[in-house]
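Just final-v9.tsv here, TSV, C-alpha atoms:
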```tsv
chain	number	residue	atom	x	y	z
A	519	MET	CA	-8.10	13.69	-4.73
A	520	LYS	CA	-6.75	10.19	-5.29
A	521	ASN	CA	-6.89	7.61	-2.55
A	522	VAL	CA	-3.86	5.51	-1.58
A	523	TRP	CA	-5.10	2.53	-3.60
A	524	LYS	CA	-5.03	4.59	-6.82
A	525	GLN	CA	-1.60	5.97	-5.91
A	526	LEU	CA	-0.06	2.50	-5.44
A	527	LYS	CA	2.25	1.22	-8.15
A	528	PRO	CA	0.41	-1.27	-10.40
A	529	HIS	CA	2.49	-4.33	-9.51
A	530	TYR	CA	1.71	-3.80	-5.81
A	531	GLN	CA	-2.00	-3.44	-6.61
A	532	ILE	CA	-1.90	-6.74	-8.48
A	533	LYS	CA	-0.21	-8.55	-5.58
A	534	ILE	CA	-2.76	-7.23	-3.08
A	535	ARG	CA	-5.65	-8.02	-5.43
A	536	LEU	CA	-4.46	-11.62	-5.86
A	537	ALA	CA	-4.03	-12.01	-2.09
A	538	ALA	CA	-7.55	-10.60	-1.56
A	539	HIS	CA	-8.96	-13.64	-3.37
A	540	LYS	CA	-7.40	-15.90	-0.73
A	541	TYR	CA	-7.35	-13.83	2.46
A	542	THR	CA	-10.04	-11.63	3.96
A	543	SER	CA	-7.36	-9.55	5.68
A	544	ALA	CA	-5.95	-8.62	2.25
A	545	LYS	CA	-9.44	-7.62	1.12
A	546	ARG	CA	-9.75	-5.47	4.26
A	547	LEU	CA	-6.36	-3.90	3.45
A	548	LYS	CA	-7.54	-3.00	-0.03
A	549	TYR	CA	-10.63	-1.28	1.34
A	550	THR	CA	-8.53	0.53	3.95
A	551	LEU	CA	-6.28	1.85	1.19
A	552	MET	CA	-9.32	2.94	-0.81
A	553	ALA	CA	-10.62	4.87	2.19
A	554	SER	CA	-7.31	6.63	2.94
A	555	ASP	CA	-6.59	9.98	1.32
A	556	GLY	CA	-2.82	9.80	1.67
A	557	TRP	CA	0.03	7.72	3.02
A	558	TYR	CA	-0.08	9.92	6.14
A	559	ASP	CA	-3.49	8.41	7.00
A	560	LEU	CA	-2.13	4.88	7.34
A	561	GLN	CA	-1.34	3.23	10.64
A	562	LEU	CA	1.83	1.20	11.08
A	563	ASP	CA	-0.23	-1.98	11.22
A	564	THR	CA	-1.62	-1.16	7.77
A	565	ILE	CA	1.88	-0.54	6.42
A	566	ARG	CA	2.95	-3.87	7.91
A	567	SER	CA	0.11	-5.53	6.01
A	568	ILE	CA	1.24	-3.83	2.80
A	569	LEU	CA	4.72	-5.26	3.34
A	570	MET	CA	3.30	-8.71	4.02
A	571	PHE	CA	0.98	-8.92	1.01
A	572	THR	CA	3.48	-7.39	-1.44
A	573	ASP	CA	6.21	-9.86	-0.43
A	574	LYS	CA	8.45	-7.09	0.88
A	575	HIS	CA	10.50	-7.42	4.04
A	576	SER	CA	11.19	-4.57	6.41
A	577	PHE	CA	14.90	-4.83	5.62
A	578	ASP	CA	14.13	-4.36	1.89
A	579	VAL	CA	12.73	-0.87	2.45
A	580	SER	CA	14.17	2.24	4.04
A	581	GLY	CA	12.72	4.34	6.81
A	582	THR	CA	11.60	6.96	4.31
A	583	ASP	CA	9.76	4.28	2.34
A	584	ILE	CA	7.81	3.42	5.48
A	585	MET	CA	7.25	7.04	6.50
A	586	TYR	CA	6.41	8.48	3.08
A	587	GLY	CA	5.60	5.48	0.88
A	588	ASN	CA	8.30	6.25	-1.72
A	589	GLU	CA	8.76	2.59	-2.64
A	590	PHE	CA	5.04	1.87	-2.96
A	591	LEU	CA	3.47	4.98	-4.46
A	592	LYS	CA	3.62	6.19	-8.04
A	593	PRO	CA	5.67	9.36	-8.58
A	594	ASP	CA	3.59	12.50	-8.17
A	595	SER	CA	1.79	13.57	-11.28
A	596	ASN	CA	0.14	16.95	-11.58
A	597	ASP	CA	-3.20	15.79	-12.91
```
Please express the file's structure as structure tokens.
Amino acid sequence: MKNVWKQLKPHYQIKIRLAAHKYTSAKRLKYTLMASDGWYDLQLDTIRSILMFTDKHSFDVSGTDIMYGNEFLKPDSND
């Protein structure tokens, strides 16, 4: 089973990785995503951190993006 970090779209991974070099909270976010099995495991505070470190604003995403991660996760692949 893939963790949330592996399911993230590559350009979001890059943004979080670059932020992790500057901010310990971004590094902590990365490890939190690596430890989570699915978007359903994330707390709202973690999703807020994803928005912050990927330069997204809450008005740029829909409610379903926040609830299900549609904007941030790669499309499902049956691998």
Contact residues around Lys533 in chain A with all atoms listed in the file at 7 Å, ignoring same-chain residues under 4 positions, as an NGL selection string: :A and (529 or 537 or 571-572)
Writer output for current selection, C-alpha atoms, as a PDB file, in the coordinates of the input:
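The resulting file, part-v4.pdb, is shown below:
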```
ATOM      1  CA  HIS A 529       2.490  -4.330  -9.510  1.00  0.00           C
ATOM      2  CA  ALA A 537      -4.030 -12.010  -2.090  1.00  0.00           C
ATOM      3  CA  PHE A 571       0.980  -8.920   1.010  1.00  0.00           C
ATOM      4  CA  THR A 572       3.480  -7.390  -1.440  1.00  0.00           C
TER       5      THR A 572
END
```
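You will find CA of Ala544 in chain A at 14.7 Å from CA of Leu526 in chain A.
Each of A:Thr564, A:Lys524, A:Tyr530, A:Tyr558 was checked against Gly587 in chain A using only C-alpha atoms; the smallest atom-to-atom distance is that of A:Tyr558.
With all atoms listed in the file as the atoms that count, the residue of A:Met585, A:Ser576, A:Trp523, A:Pro593 with the shortest distance to Ala553 in chain A is A:Trp523.
Nearest to Tyr549 in chain A of all the residues A:Asn521, A:Gln561, A:Lys574, A:Ile532 is A:Asn521, counting only C-alpha atoms.
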Could you check which of A:Ile584, A:Val522, A:Ile534, A:Leu591 is closest to Asp563 in chain A, using all atoms listed in the file? A:Ile584
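Between CA of Thr550 in chain A and CA of Thr582 in chain A the separation is 21.1 Å.
Distance check against Arg535 in chain A using all atoms listed in the file: of A:Val579, A:Leu547, A:Leu562, A:Met570, the minimum falls on A:Leu547.
Taking CA of Trp557 in chain A and CA of Tyr541 in chain A as endpoints, the distance between them is 22.8 Å.
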Return range 543-571 of chain A, completed with N, CA and C atoms, as a compact mmCIF listing (two decimals), in the coordinates of the input.
```
# COMPACT_ATOMS: atom_id res chain seq x y z
N SER A 543 -8.14 -10.67 5.17
CA SER A 543 -7.36 -9.55 5.68
C SER A 543 -6.76 -8.73 4.53
N ALA A 544 -6.44 -9.35 3.41
CA ALA A 544 -5.95 -8.62 2.25
C ALA A 544 -7.08 -7.80 1.62
N LYS A 545 -8.28 -8.36 1.63
CA LYS A 545 -9.44 -7.62 1.12
C LYS A 545 -9.70 -6.39 2.01
N ARG A 546 -9.57 -6.58 3.32
CA ARG A 546 -9.75 -5.47 4.26
C ARG A 546 -8.68 -4.41 4.04
N LEU A 547 -7.45 -4.84 3.75
CA LEU A 547 -6.36 -3.90 3.45
C LEU A 547 -6.69 -3.07 2.22
N LYS A 548 -7.18 -3.72 1.20
CA LYS A 548 -7.54 -3.00 -0.03
C LYS A 548 -8.58 -1.92 0.24
N TYR A 549 -9.60 -2.26 1.02
CA TYR A 549 -10.63 -1.28 1.34
C TYR A 549 -10.09 -0.17 2.24
N THR A 550 -9.16 -0.49 3.12
CA THR A 550 -8.53 0.53 3.95
C THR A 550 -7.75 1.51 3.09
N LEU A 551 -7.04 0.98 2.10
CA LEU A 551 -6.28 1.85 1.19
C LEU A 551 -7.20 2.71 0.34
N MET A 552 -8.35 2.16 -0.04
CA MET A 552 -9.32 2.94 -0.81
C MET A 552 -9.92 4.06 0.02
N ALA A 553 -10.01 3.87 1.32
CA ALA A 553 -10.62 4.87 2.19
C ALA A 553 -9.62 5.92 2.68
N SER A 554 -8.34 5.71 2.44
CA SER A 554 -7.31 6.63 2.94
C SER A 554 -6.96 7.65 1.87
N ASP A 555 -6.89 8.91 2.27
CA ASP A 555 -6.59 9.98 1.32
C ASP A 555 -5.10 10.09 0.99
N GLY A 556 -4.26 9.69 1.90
CA GLY A 556 -2.82 9.80 1.67
C GLY A 556 -2.07 8.82 2.55
N TRP A 557 -0.81 8.64 2.25
CA TRP A 557 0.03 7.72 3.02
C TRP A 557 0.03 8.11 4.49
N TYR A 558 -0.09 9.41 4.76
CA TYR A 558 -0.08 9.92 6.14
C TYR A 558 -1.26 9.42 6.95
N ASP A 559 -2.31 8.94 6.30
CA ASP A 559 -3.49 8.41 7.00
C ASP A 559 -3.30 6.99 7.52
N LEU A 560 -2.29 6.30 7.03
CA LEU A 560 -2.13 4.88 7.34
C LEU A 560 -1.49 4.66 8.69
N GLN A 561 -1.95 3.64 9.37
CA GLN A 561 -1.34 3.23 10.64
C GLN A 561 -0.20 2.26 10.33
N LEU A 562 0.70 2.11 11.28
CA LEU A 562 1.83 1.20 11.08
C LEU A 562 1.38 -0.23 10.82
N ASP A 563 0.30 -0.64 11.45
CA ASP A 563 -0.23 -1.98 11.22
C ASP A 563 -0.66 -2.16 9.76
N THR A 564 -1.22 -1.11 9.17
CA THR A 564 -1.62 -1.16 7.77
C THR A 564 -0.39 -1.24 6.86
N ILE A 565 0.64 -0.49 7.20
CA ILE A 565 1.88 -0.54 6.42
C ILE A 565 2.53 -1.91 6.54
N ARG A 566 2.44 -2.51 7.71
CA ARG A 566 2.95 -3.87 7.91
C ARG A 566 2.20 -4.85 7.01
N SER A 567 0.91 -4.67 6.89
CA SER A 567 0.11 -5.53 6.01
C SER A 567 0.50 -5.32 4.55
N ILE A 568 0.78 -4.10 4.17
CA ILE A 568 1.24 -3.83 2.80
C ILE A 568 2.53 -4.59 2.54
N LEU A 569 3.46 -4.53 3.48
CA LEU A 569 4.72 -5.26 3.34
C LEU A 569 4.46 -6.76 3.20
N MET A 570 3.57 -7.27 4.02
CA MET A 570 3.30 -8.71 4.02
C MET A 570 2.69 -9.17 2.69
N PHE A 571 1.68 -8.47 2.20
CA PHE A 571 0.98 -8.92 1.01
C PHE A 571 1.68 -8.55 -0.29
```
